[in-house]
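The data block below is start-v2.cif; it holds mmCIF, C-alpha atoms; chains and numbers go by the auth columns.
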```cif
data_entry
loop_
_atom_site.group_PDB
_atom_site.id
_atom_site.type_symbol
_atom_site.label_atom_id
_atom_site.label_comp_id
_atom_site.label_asym_id
_atom_site.label_seq_id
_atom_site.Cartn_x
_atom_site.Cartn_y
_atom_site.Cartn_z
_atom_site.B_iso_or_equiv
_atom_site.auth_seq_id
_atom_site.auth_asym_id
ATOM 1 C CA MET A 1 25.652 31.337 6.552 0.00 1 A
ATOM 2 C CA VAL A 2 27.018 27.830 5.936 0.00 2 A
ATOM 3 C CA ASP A 3 26.041 26.780 9.474 0.00 3 A
ATOM 4 C CA ARG A 4 22.466 28.005 8.920 0.00 4 A
ATOM 5 C CA LEU A 5 22.300 26.062 5.656 0.00 5 A
ATOM 6 C CA LYS A 6 23.581 22.909 7.375 0.00 6 A
ATOM 7 C CA LEU A 7 21.019 23.339 10.164 0.00 7 A
ATOM 8 C CA HIS A 8 18.223 23.895 7.631 0.00 8 A
ATOM 9 C CA ASN A 9 19.207 20.788 5.656 0.00 9 A
ATOM 10 C CA HIS A 10 19.515 18.787 8.878 0.00 10 A
ATOM 11 C CA LEU A 11 16.034 19.847 9.981 0.00 11 A
ATOM 12 C CA LEU A 12 14.627 18.996 6.537 0.00 12 A
ATOM 13 C CA GLY A 13 16.222 15.578 6.818 0.00 13 A
ATOM 14 C CA LEU A 14 14.647 15.047 10.241 0.00 14 A
ATOM 15 C CA SER A 15 11.277 16.089 8.825 0.00 15 A
ATOM 16 C CA ASP A 16 11.655 13.591 5.974 0.00 16 A
ATOM 17 C CA MET A 17 12.672 10.891 8.449 0.00 17 A
ATOM 18 C CA ARG A 18 9.588 11.631 10.581 0.00 18 A
ATOM 19 C CA LYS A 19 7.346 11.475 7.517 0.00 19 A
ATOM 20 C CA SER A 20 8.991 8.209 6.499 0.00 20 A
ATOM 21 C CA ALA A 21 8.493 6.766 9.995 0.00 21 A
ATOM 22 C CA GLU A 22 4.841 7.881 10.012 0.00 22 A
ATOM 23 C CA TRP A 23 4.354 6.348 6.566 0.00 23 A
ATOM 24 C CA ARG A 24 5.895 3.070 7.691 0.00 24 A
ATOM 25 C CA ARG A 25 3.624 3.001 10.754 0.00 25 A
ATOM 26 C CA PHE A 26 0.633 3.472 8.426 0.00 26 A
ATOM 27 C CA GLU A 27 1.765 0.504 6.283 0.00 27 A
ATOM 28 C CA GLU A 28 2.370 -1.599 9.406 0.00 28 A
ATOM 29 C CA LEU A 29 -1.104 -0.762 10.733 0.00 29 A
ATOM 30 C CA VAL A 30 -2.666 -1.860 7.448 0.00 30 A
ATOM 31 C CA ALA A 31 -0.650 -5.102 7.532 0.00 31 A
ATOM 32 C CA ARG A 32 -1.730 -5.758 11.153 0.00 32 A
ATOM 33 C CA ILE A 33 -5.376 -5.273 10.177 0.00 33 A
ATOM 34 C CA GLU A 34 -4.994 -7.742 7.303 0.00 34 A
ATOM 35 C CA ARG A 35 -3.199 -10.208 9.589 0.00 35 A
ATOM 36 C CA ALA A 36 -6.023 -9.971 12.141 0.00 36 A
ATOM 37 C CA ALA A 37 -8.648 -10.463 9.424 0.00 37 A
ATOM 38 C CA SER A 38 -6.905 -13.494 7.895 0.00 38 A
ATOM 39 C CA PRO A 39 -7.591 -17.112 8.768 0.00 39 A
ATOM 40 C CA ARG A 40 -4.836 -19.366 10.134 0.00 40 A
ATOM 41 C CA GLY A 41 -2.165 -20.341 7.648 0.00 41 A
ATOM 42 C CA VAL A 42 -2.273 -17.057 5.730 0.00 42 A
ATOM 43 C CA ARG A 43 1.060 -15.213 5.597 0.00 43 A
ATOM 44 C CA VAL A 44 1.115 -11.403 5.668 0.00 44 A
ATOM 45 C CA LYS A 45 4.436 -9.678 5.022 0.00 45 A
ATOM 46 C CA SER A 46 5.107 -5.938 5.020 0.00 46 A
ATOM 47 C CA PRO A 47 6.873 -4.730 3.025 0.00 47 A
ATOM 48 C CA ASP A 48 7.501 -7.466 0.494 0.00 48 A
ATOM 49 C CA ARG A 49 9.204 -7.857 -2.867 0.00 49 A
ATOM 50 C CA VAL A 50 7.528 -9.771 -5.663 0.00 50 A
ATOM 51 C CA ARG A 51 9.088 -10.780 -8.967 0.00 51 A
ATOM 52 C CA ASP A 52 7.773 -8.967 -12.058 0.00 52 A
ATOM 53 C CA LEU A 53 6.720 -11.670 -14.538 0.00 53 A
ATOM 54 C CA THR A 54 7.626 -9.439 -17.506 0.00 54 A
ATOM 55 C CA THR A 55 10.991 -7.968 -16.490 0.00 55 A
ATOM 56 C CA GLY A 56 12.137 -10.517 -13.908 0.00 56 A
ATOM 57 C CA GLN A 57 12.980 -7.704 -11.481 0.00 57 A
ATOM 58 C CA LEU A 58 11.753 -7.543 -7.896 0.00 58 A
ATOM 59 C CA ARG A 59 8.971 -5.028 -7.243 0.00 59 A
ATOM 60 C CA GLU A 60 8.134 -3.724 -3.800 0.00 60 A
ATOM 61 C CA VAL A 61 4.605 -3.926 -2.457 0.00 61 A
ATOM 62 C CA ASP A 62 3.506 -2.365 0.818 0.00 62 A
ATOM 63 C CA ALA A 63 2.190 -5.735 1.986 0.00 63 A
ATOM 64 C CA SER A 64 1.559 -9.187 0.579 0.00 64 A
ATOM 65 C CA ILE A 65 -0.975 -11.756 1.670 0.00 65 A
ATOM 66 C CA ARG A 66 -0.174 -15.315 0.620 0.00 66 A
ATOM 67 C CA SER A 67 -2.256 -18.406 1.024 0.00 67 A
ATOM 68 C CA LYS A 68 -2.767 -21.790 -0.559 0.00 68 A
ATOM 69 C CA VAL A 69 -6.069 -22.650 -2.127 0.00 69 A
ATOM 70 C CA GLY A 70 -5.884 -26.332 -2.833 0.00 70 A
ATOM 71 C CA SER A 71 -2.480 -26.799 -4.449 0.00 71 A
ATOM 72 C CA ILE A 72 -2.265 -23.226 -5.771 0.00 72 A
ATOM 73 C CA GLU A 73 -0.415 -20.358 -4.103 0.00 73 A
ATOM 74 C CA VAL A 74 -2.565 -17.199 -4.151 0.00 74 A
ATOM 75 C CA LEU A 75 -1.028 -13.734 -3.849 0.00 75 A
ATOM 76 C CA VAL A 76 -2.943 -10.637 -2.783 0.00 76 A
ATOM 77 C CA THR A 77 -1.050 -7.344 -2.658 0.00 77 A
ATOM 78 C CA VAL A 78 -1.791 -4.295 -0.559 0.00 78 A
ATOM 79 C CA GLU A 79 -0.726 -0.814 -1.606 0.00 79 A
ATOM 80 C CA CYS A 80 -1.087 2.203 0.692 0.00 80 A
ATOM 81 C CA ARG A 81 -1.323 5.940 0.198 0.00 81 A
ATOM 82 C CA ARG A 82 -1.200 8.413 3.048 0.00 82 A
ATOM 83 C CA ARG A 83 -1.848 11.837 1.549 0.00 83 A
ATOM 84 C CA GLY A 84 -3.941 14.894 2.230 0.00 84 A
ATOM 85 C CA LYS A 85 -6.031 14.523 -0.907 0.00 85 A
ATOM 86 C CA ARG A 86 -8.159 11.670 -2.193 0.00 86 A
ATOM 87 C CA SER A 87 -6.463 9.068 -4.387 0.00 87 A
ATOM 88 C CA ASP A 88 -7.256 9.302 -8.091 0.00 88 A
ATOM 89 C CA ASP A 89 -7.924 6.841 -10.893 0.00 89 A
ATOM 90 C CA MET A 90 -4.373 7.177 -12.250 0.00 90 A
ATOM 91 C CA TRP A 91 -3.101 5.414 -9.127 0.00 91 A
ATOM 92 C CA ILE A 92 -5.761 2.712 -9.533 0.00 92 A
ATOM 93 C CA GLU A 93 -4.683 2.148 -13.157 0.00 93 A
ATOM 94 C CA GLN A 94 -1.046 1.874 -12.046 0.00 94 A
ATOM 95 C CA LEU A 95 -2.002 -0.691 -9.409 0.00 95 A
ATOM 96 C CA ALA A 96 -3.993 -2.755 -11.933 0.00 96 A
ATOM 97 C CA THR A 97 -0.988 -2.870 -14.266 0.00 97 A
ATOM 98 C CA LYS A 98 1.367 -3.761 -11.420 0.00 98 A
ATOM 99 C CA ARG A 99 -1.024 -6.499 -10.234 0.00 99 A
ATOM 100 C CA GLN A 100 -1.016 -8.019 -13.709 0.00 100 A
ATOM 101 C CA LYS A 101 2.775 -7.802 -14.070 0.00 101 A
ATOM 102 C CA ILE A 102 3.476 -9.525 -10.745 0.00 102 A
ATOM 103 C CA GLY A 103 0.725 -12.117 -11.091 0.00 103 A
ATOM 104 C CA ALA A 104 -1.308 -11.147 -8.040 0.00 104 A
ATOM 105 C CA ALA A 105 -4.834 -12.534 -7.833 0.00 105 A
ATOM 106 C CA LYS A 106 -6.084 -9.326 -6.204 0.00 106 A
ATOM 107 C CA THR A 107 -4.853 -5.921 -5.076 0.00 107 A
ATOM 108 C CA ILE A 108 -6.206 -3.873 -2.196 0.00 108 A
ATOM 109 C CA ALA A 109 -5.669 -0.094 -2.391 0.00 109 A
ATOM 110 C CA VAL A 110 -5.680 1.611 1.015 0.00 110 A
ATOM 111 C CA SER A 111 -5.949 5.376 1.252 0.00 111 A
ATOM 112 C CA SER A 112 -5.886 7.559 4.335 0.00 112 A
ATOM 113 C CA SER A 113 -8.085 10.186 2.676 0.00 113 A
ATOM 114 C CA GLY A 114 -10.446 8.258 0.403 0.00 114 A
ATOM 115 C CA PHE A 115 -10.840 8.048 -3.354 0.00 115 A
ATOM 116 C CA THR A 116 -12.200 10.272 -6.086 0.00 116 A
ATOM 117 C CA SER A 117 -15.421 9.148 -7.780 0.00 117 A
ATOM 118 C CA SER A 118 -13.477 8.297 -10.945 0.00 118 A
ATOM 119 C CA ALA A 119 -11.037 6.183 -8.887 0.00 119 A
ATOM 120 C CA ILE A 120 -13.969 4.281 -7.397 0.00 120 A
ATOM 121 C CA ARG A 121 -15.404 3.595 -10.869 0.00 121 A
ATOM 122 C CA SER A 122 -11.986 2.555 -12.216 0.00 122 A
ATOM 123 C CA ALA A 123 -11.363 0.260 -9.241 0.00 123 A
ATOM 124 C CA LYS A 124 -14.714 -1.442 -9.740 0.00 124 A
ATOM 125 C CA HIS A 125 -13.977 -1.924 -13.447 0.00 125 A
ATOM 126 C CA LEU A 126 -10.388 -3.139 -12.890 0.00 126 A
ATOM 127 C CA GLY A 127 -11.076 -5.378 -9.877 0.00 127 A
ATOM 128 C CA ILE A 128 -9.138 -3.372 -7.288 0.00 128 A
ATOM 129 C CA GLU A 129 -10.519 -3.512 -3.729 0.00 129 A
ATOM 130 C CA LEU A 130 -10.651 -0.114 -2.002 0.00 130 A
ATOM 131 C CA ARG A 131 -10.202 0.643 1.687 0.00 131 A
ATOM 132 C CA THR A 132 -10.189 4.030 3.391 0.00 132 A
ATOM 133 C CA LEU A 133 -8.429 3.495 6.687 0.00 133 A
ATOM 134 C CA SER A 134 -10.307 6.204 8.555 0.00 134 A
ATOM 135 C CA GLU A 135 -13.585 4.449 7.663 0.00 135 A
ATOM 136 C CA VAL A 136 -12.680 0.902 8.715 0.00 136 A
ATOM 137 C CA SER A 137 -14.639 -0.583 11.581 0.00 137 A
ATOM 138 C CA ALA A 138 -14.187 -3.845 13.484 0.00 138 A
ATOM 139 C CA SER A 139 -17.200 -5.324 11.692 0.00 139 A
ATOM 140 C CA ASP A 140 -15.642 -4.374 8.338 0.00 140 A
ATOM 141 C CA ILE A 141 -12.501 -6.311 9.249 0.00 141 A
ATOM 142 C CA GLN A 142 -14.530 -9.364 10.290 0.00 142 A
ATOM 143 C CA GLY A 143 -16.423 -9.183 6.979 0.00 143 A
ATOM 144 C CA TRP A 144 -13.228 -9.217 4.926 0.00 144 A
#
```

Reformat the file's structure so that it appears as structure tokens.
Amino acid sequence: MVDRLKLHNHLLGLSDMRKSAEWRRFEELVARIERAASPRGVRVKSPDRVRDLTTGQLREVDASIRSKVGSIEVLVTVECRRRGKRSDDMWIEQLATKRQKIGAAKTIAVSSSGFTSSAIRSAKHLGIELRTLSEVSASDIQGW
């Protein structure tokens, strides 16, 4: 019985590792798209850690896009969700708060399965850019 339990736990661990690897590939794909869409001199890093202006602690973001506009450093963050259901407005609200706390100029929310209608309304109101990866075309990337 103990051997079966060990095998079961081992297989669960492998499944979690596969999911984690798939998730990381999703984040890396999003970062590559942003890198390809960015002009020269823009730095894209995935993942990245950004200091929270309130707590002073480092916060992880799935990707960061940094550029200088004149003499000012501009930070855009990218957050990804790869789930079976559409992302909701609670996630959008969390991203808006995080954006404010880390001092990002903009946040892009990327979902593999789209967004609920309330998430779309919240994002518009809170200034969060939305991307659904399955709906991105080459012309979309060029337009960004």

task = Please write the residues picked by the PyMOL selection byres ((chain A and resi 101-112) around 9) on this file as a ChimeraX atom specification.
result = /A:26,30,50-55,58-59,74-87,92,95-100,113-115,123,127-135

query = Glu60 of chain A: which residues within 8 Å, counting only C-alpha atoms, same-chain residues fewer than 4 positions away excluded, as JSON, numbers by chain?
reply = {"A": [47, 48, 49, 50]}

request  = Could you check how far atom CA of Ser38 of chain A sits from atom CA of Ile72 of chain A, in Å to one decimal?
outcome  = 17.4 Å

message = One decimal, in Å: what's the spacing between atom CA of Gly70 of chain A and atom CA of Arg43 of chain A?
response =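 Between atom CA of Gly70 of chain A and atom CA of Arg43 of chain A the gap works out to 15.6 Å.
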
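The interatomic distance for the pair atom CA of Ala36 of chain A and atom CA of Trp23 of chain A works out to 20.1 Å.
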